[in-house]
Amino acid sequence: MLVGTFNLVMAERLTRKVCSNCKTQTSAKENPKYKFAKESFRNFDKDALKKEILNRGITQQQRDDFINNAMVYTGTGKDPISGEKCPLC
Ligand SMILES: [Zn+2]
């Protein structure tokens, strides 16, 4: 259980909410944490996991992208249009 919780924390880090203005999709396939995080999703009690995901503000789309494609969202901190510092984060 402790290991599951630990992995969920890593999973949460990989799928955390990021700035909507400057977010980009990147692949976590090469990240060794991805394998563990994915395993933790698989082994976690489905109802408890659903609650965790909702509580953490992770969308179903983010979860599916992560599980199926190892896609994670990260904020660049730069405005995608101007290239200047992102005004929202
Ligand atoms: Zn931003």
# chains A, B, ... in the order shown; residues from 1 in each chain; ligands from 1
call {"tool": "residues_near_ligand", "arguments": {"ligand": "ligand 1", "cutoff": "9 Å", "atoms": "only C-alpha atoms and all ligand atoms", "output": "mmCIF file with N, CA and C atoms, in the first residue's frame"}}
result
data_model
loop_
_atom_site.group_PDB
_atom_site.id
_atom_site.type_symbol
_atom_site.label_atom_id
_atom_site.label_comp_id
_atom_site.auth_asym_id
_atom_site.auth_seq_id
_atom_site.Cartn_x
_atom_site.Cartn_y
_atom_site.Cartn_z
ATOM 1 N N VAL A 18 -1.077 21.726 -15.244
ATOM 2 C CA VAL A 18 -0.106 22.734 -15.654
ATOM 3 C C VAL A 18 -0.823 23.920 -16.274
ATOM 4 N N CYS A 19 -0.104 24.991 -16.430
ATOM 5 C CA CYS A 19 -0.615 26.221 -17.004
ATOM 6 C C CYS A 19 -1.256 25.944 -18.366
ATOM 7 N N SER A 20 -2.487 26.425 -18.556
ATOM 8 C CA SER A 20 -3.203 26.138 -19.794
ATOM 9 C C SER A 20 -2.665 26.962 -20.963
ATOM 10 N N ASN A 21 -1.982 28.048 -20.651
ATOM 11 C CA ASN A 21 -1.482 28.926 -21.717
ATOM 12 C C ASN A 21 -0.216 28.383 -22.382
ATOM 13 N N CYS A 22 0.679 27.856 -21.574
ATOM 14 C CA CYS A 22 1.982 27.493 -22.139
ATOM 15 C C CYS A 22 2.262 25.998 -22.065
ATOM 16 N N LYS A 23 1.242 25.199 -21.847
ATOM 17 C CA LYS A 23 1.492 23.767 -21.717
ATOM 18 C C LYS A 23 1.854 23.134 -23.057
ATOM 19 N N GLY A 75 4.394 22.750 -18.397
ATOM 20 C CA GLY A 75 4.374 24.171 -18.710
ATOM 21 C C GLY A 75 5.767 24.613 -19.115
ATOM 22 N N THR A 76 5.864 25.405 -20.182
ATOM 23 C CA THR A 76 7.181 25.867 -20.632
ATOM 24 C C THR A 76 7.577 27.151 -19.907
ATOM 25 N N GLY A 77 6.572 27.894 -19.397
ATOM 26 C CA GLY A 77 6.858 29.175 -18.763
ATOM 27 C C GLY A 77 7.033 30.298 -19.771
ATOM 28 N N LYS A 78 6.873 29.953 -21.050
ATOM 29 C CA LYS A 78 6.995 30.961 -22.107
ATOM 30 C C LYS A 78 5.686 31.055 -22.874
ATOM 31 N N ASP A 79 5.298 32.251 -23.209
ATOM 32 C CA ASP A 79 4.090 32.439 -23.999
ATOM 33 C C ASP A 79 4.317 31.846 -25.393
ATOM 34 N N PRO A 80 3.415 30.946 -25.844
ATOM 35 C CA PRO A 80 3.648 30.262 -27.121
ATOM 36 C C PRO A 80 3.621 31.208 -28.321
ATOM 37 N N LYS A 85 8.018 35.740 -21.423
ATOM 38 C CA LYS A 85 7.598 35.057 -20.213
ATOM 39 C C LYS A 85 6.069 34.896 -20.222
ATOM 40 N N CYS A 86 5.597 33.690 -19.897
ATOM 41 C CA CYS A 86 4.156 33.433 -19.892
ATOM 42 C C CYS A 86 3.448 34.359 -18.902
ATOM 43 N N PRO A 87 2.414 35.094 -19.372
ATOM 44 C CA PRO A 87 1.737 36.039 -18.465
ATOM 45 C C PRO A 87 0.853 35.349 -17.423
ATOM 46 N N LEU A 88 0.571 34.066 -17.614
ATOM 47 C CA LEU A 88 -0.351 33.392 -16.703
ATOM 48 C C LEU A 88 0.345 32.593 -15.608
ATOM 49 N N CYS A 89 1.626 32.351 -15.749
ATOM 50 C CA CYS A 89 2.282 31.565 -14.692
ATOM 51 C C CYS A 89 3.634 32.104 -14.297
#
call {"tool": "closest_residue", "arguments": {"among": "A:Ala37, A:Lys17, A:Gln25, A:Glu30", "to": "Ile67 (chain A)", "atoms": "only C-alpha atoms"}}
result
A:Ala37
call {"tool": "atom_distance", "arguments": {"atom1": "CA of Leu54 (chain A)", "atom2": "CA of Phe36 (chain A)"}}
result
20.6 Å
call {"tool": "closest_residue", "arguments": {"among": "A:Asp45, A:Pro32, A:Lys38, A:Glu84", "to": "Arg63 (chain A)", "atoms": "only C-alpha atoms"}}
result
A:Lys38
call {"tool": "decode", "arguments": {"residues": "region 9-89 of chain A", "atoms": "C-alpha atoms", "output": "mmCIF file, in the first residue's frame"}}
result
data_model
loop_
_atom_site.group_PDB
_atom_site.id
_atom_site.type_symbol
_atom_site.label_atom_id
_atom_site.label_comp_id
_atom_site.auth_asym_id
_atom_site.auth_seq_id
_atom_site.Cartn_x
_atom_site.Cartn_y
_atom_site.Cartn_z
ATOM 1 C CA VAL A 9 2.591 10.484 -6.044
ATOM 2 C CA MET A 10 5.002 10.005 -8.921
ATOM 3 C CA ALA A 11 2.088 9.452 -11.265
ATOM 4 C CA GLU A 12 0.552 12.643 -10.010
ATOM 5 C CA ARG A 13 3.796 14.488 -10.678
ATOM 6 C CA LEU A 14 3.791 13.242 -14.231
ATOM 7 C CA THR A 15 0.173 14.168 -14.843
ATOM 8 C CA ARG A 16 -0.077 17.264 -12.691
ATOM 9 C CA LYS A 17 -2.102 20.250 -13.658
ATOM 10 C CA VAL A 18 -0.106 22.734 -15.654
ATOM 11 C CA CYS A 19 -0.615 26.221 -17.004
ATOM 12 C CA SER A 20 -3.203 26.138 -19.794
ATOM 13 C CA ASN A 21 -1.482 28.926 -21.717
ATOM 14 C CA CYS A 22 1.982 27.493 -22.139
ATOM 15 C CA LYS A 23 1.492 23.767 -21.717
ATOM 16 C CA THR A 24 3.072 21.388 -24.161
ATOM 17 C CA GLN A 25 2.762 17.654 -24.568
ATOM 18 C CA THR A 26 5.856 15.580 -24.131
ATOM 19 C CA SER A 27 6.435 11.867 -24.049
ATOM 20 C CA ALA A 28 7.434 10.260 -20.776
ATOM 21 C CA LYS A 29 8.197 6.928 -22.414
ATOM 22 C CA GLU A 30 11.917 7.308 -21.734
ATOM 23 C CA ASN A 31 11.328 8.371 -18.139
ATOM 24 C CA PRO A 32 12.006 5.406 -15.842
ATOM 25 C CA LYS A 33 9.343 6.713 -13.507
ATOM 26 C CA TYR A 34 6.732 6.226 -16.205
ATOM 27 C CA LYS A 35 6.847 2.460 -15.973
ATOM 28 C CA PHE A 36 6.341 2.536 -12.213
ATOM 29 C CA ALA A 37 3.653 5.156 -12.383
ATOM 30 C CA LYS A 38 1.775 3.208 -15.010
ATOM 31 C CA GLU A 39 2.024 0.067 -12.915
ATOM 32 C CA SER A 40 0.653 1.916 -9.927
ATOM 33 C CA PHE A 41 -2.357 3.031 -11.941
ATOM 34 C CA ARG A 42 -2.947 -0.531 -13.049
ATOM 35 C CA ASN A 43 -2.705 -1.991 -9.577
ATOM 36 C CA PHE A 44 -4.617 0.701 -7.773
ATOM 37 C CA ASP A 45 -8.166 0.109 -6.631
ATOM 38 C CA LYS A 46 -10.276 1.592 -9.448
ATOM 39 C CA ASP A 47 -12.701 3.555 -7.269
ATOM 40 C CA ALA A 48 -9.946 4.902 -5.061
ATOM 41 C CA LEU A 49 -7.923 5.853 -8.132
ATOM 42 C CA LYS A 50 -10.872 7.644 -9.693
ATOM 43 C CA LYS A 51 -11.301 9.647 -6.507
ATOM 44 C CA GLU A 52 -7.580 10.454 -6.390
ATOM 45 C CA ILE A 53 -7.568 11.622 -9.985
ATOM 46 C CA LEU A 54 -10.594 13.849 -9.431
ATOM 47 C CA ASN A 55 -9.161 15.258 -6.207
ATOM 48 C CA ARG A 56 -5.928 16.134 -7.976
ATOM 49 C CA GLY A 57 -7.655 17.903 -10.838
ATOM 50 C CA ILE A 58 -6.375 15.418 -13.389
ATOM 51 C CA THR A 59 -8.750 15.088 -16.306
ATOM 52 C CA GLN A 60 -9.830 11.800 -17.820
ATOM 53 C CA GLN A 61 -8.107 12.907 -21.025
ATOM 54 C CA GLN A 62 -4.813 13.482 -19.202
ATOM 55 C CA ARG A 63 -5.084 10.128 -17.519
ATOM 56 C CA ASP A 64 -5.809 8.336 -20.798
ATOM 57 C CA ASP A 65 -3.006 10.173 -22.619
ATOM 58 C CA PHE A 66 -0.662 9.170 -19.856
ATOM 59 C CA ILE A 67 -1.713 5.533 -19.605
ATOM 60 C CA ASN A 68 -2.019 4.889 -23.334
ATOM 61 C CA ASN A 69 0.636 7.144 -24.860
ATOM 62 C CA ALA A 70 2.934 8.192 -21.995
ATOM 63 C CA MET A 71 2.002 11.758 -22.851
ATOM 64 C CA VAL A 72 2.421 14.305 -20.096
ATOM 65 C CA TYR A 73 1.718 18.001 -20.054
ATOM 66 C CA THR A 74 4.368 20.406 -18.919
ATOM 67 C CA GLY A 75 4.374 24.171 -18.710
ATOM 68 C CA THR A 76 7.181 25.867 -20.632
ATOM 69 C CA GLY A 77 6.858 29.175 -18.763
ATOM 70 C CA LYS A 78 6.995 30.961 -22.107
ATOM 71 C CA ASP A 79 4.090 32.439 -23.999
ATOM 72 C CA PRO A 80 3.648 30.262 -27.121
ATOM 73 C CA ILE A 81 2.884 33.278 -29.328
ATOM 74 C CA SER A 82 5.236 36.015 -28.167
ATOM 75 C CA GLY A 83 7.999 33.799 -26.786
ATOM 76 C CA GLU A 84 8.122 36.133 -23.804
ATOM 77 C CA LYS A 85 7.598 35.057 -20.213
ATOM 78 C CA CYS A 86 4.156 33.433 -19.892
ATOM 79 C CA PRO A 87 1.737 36.039 -18.465
ATOM 80 C CA LEU A 88 -0.351 33.392 -16.703
ATOM 81 C CA CYS A 89 2.282 31.565 -14.692
#
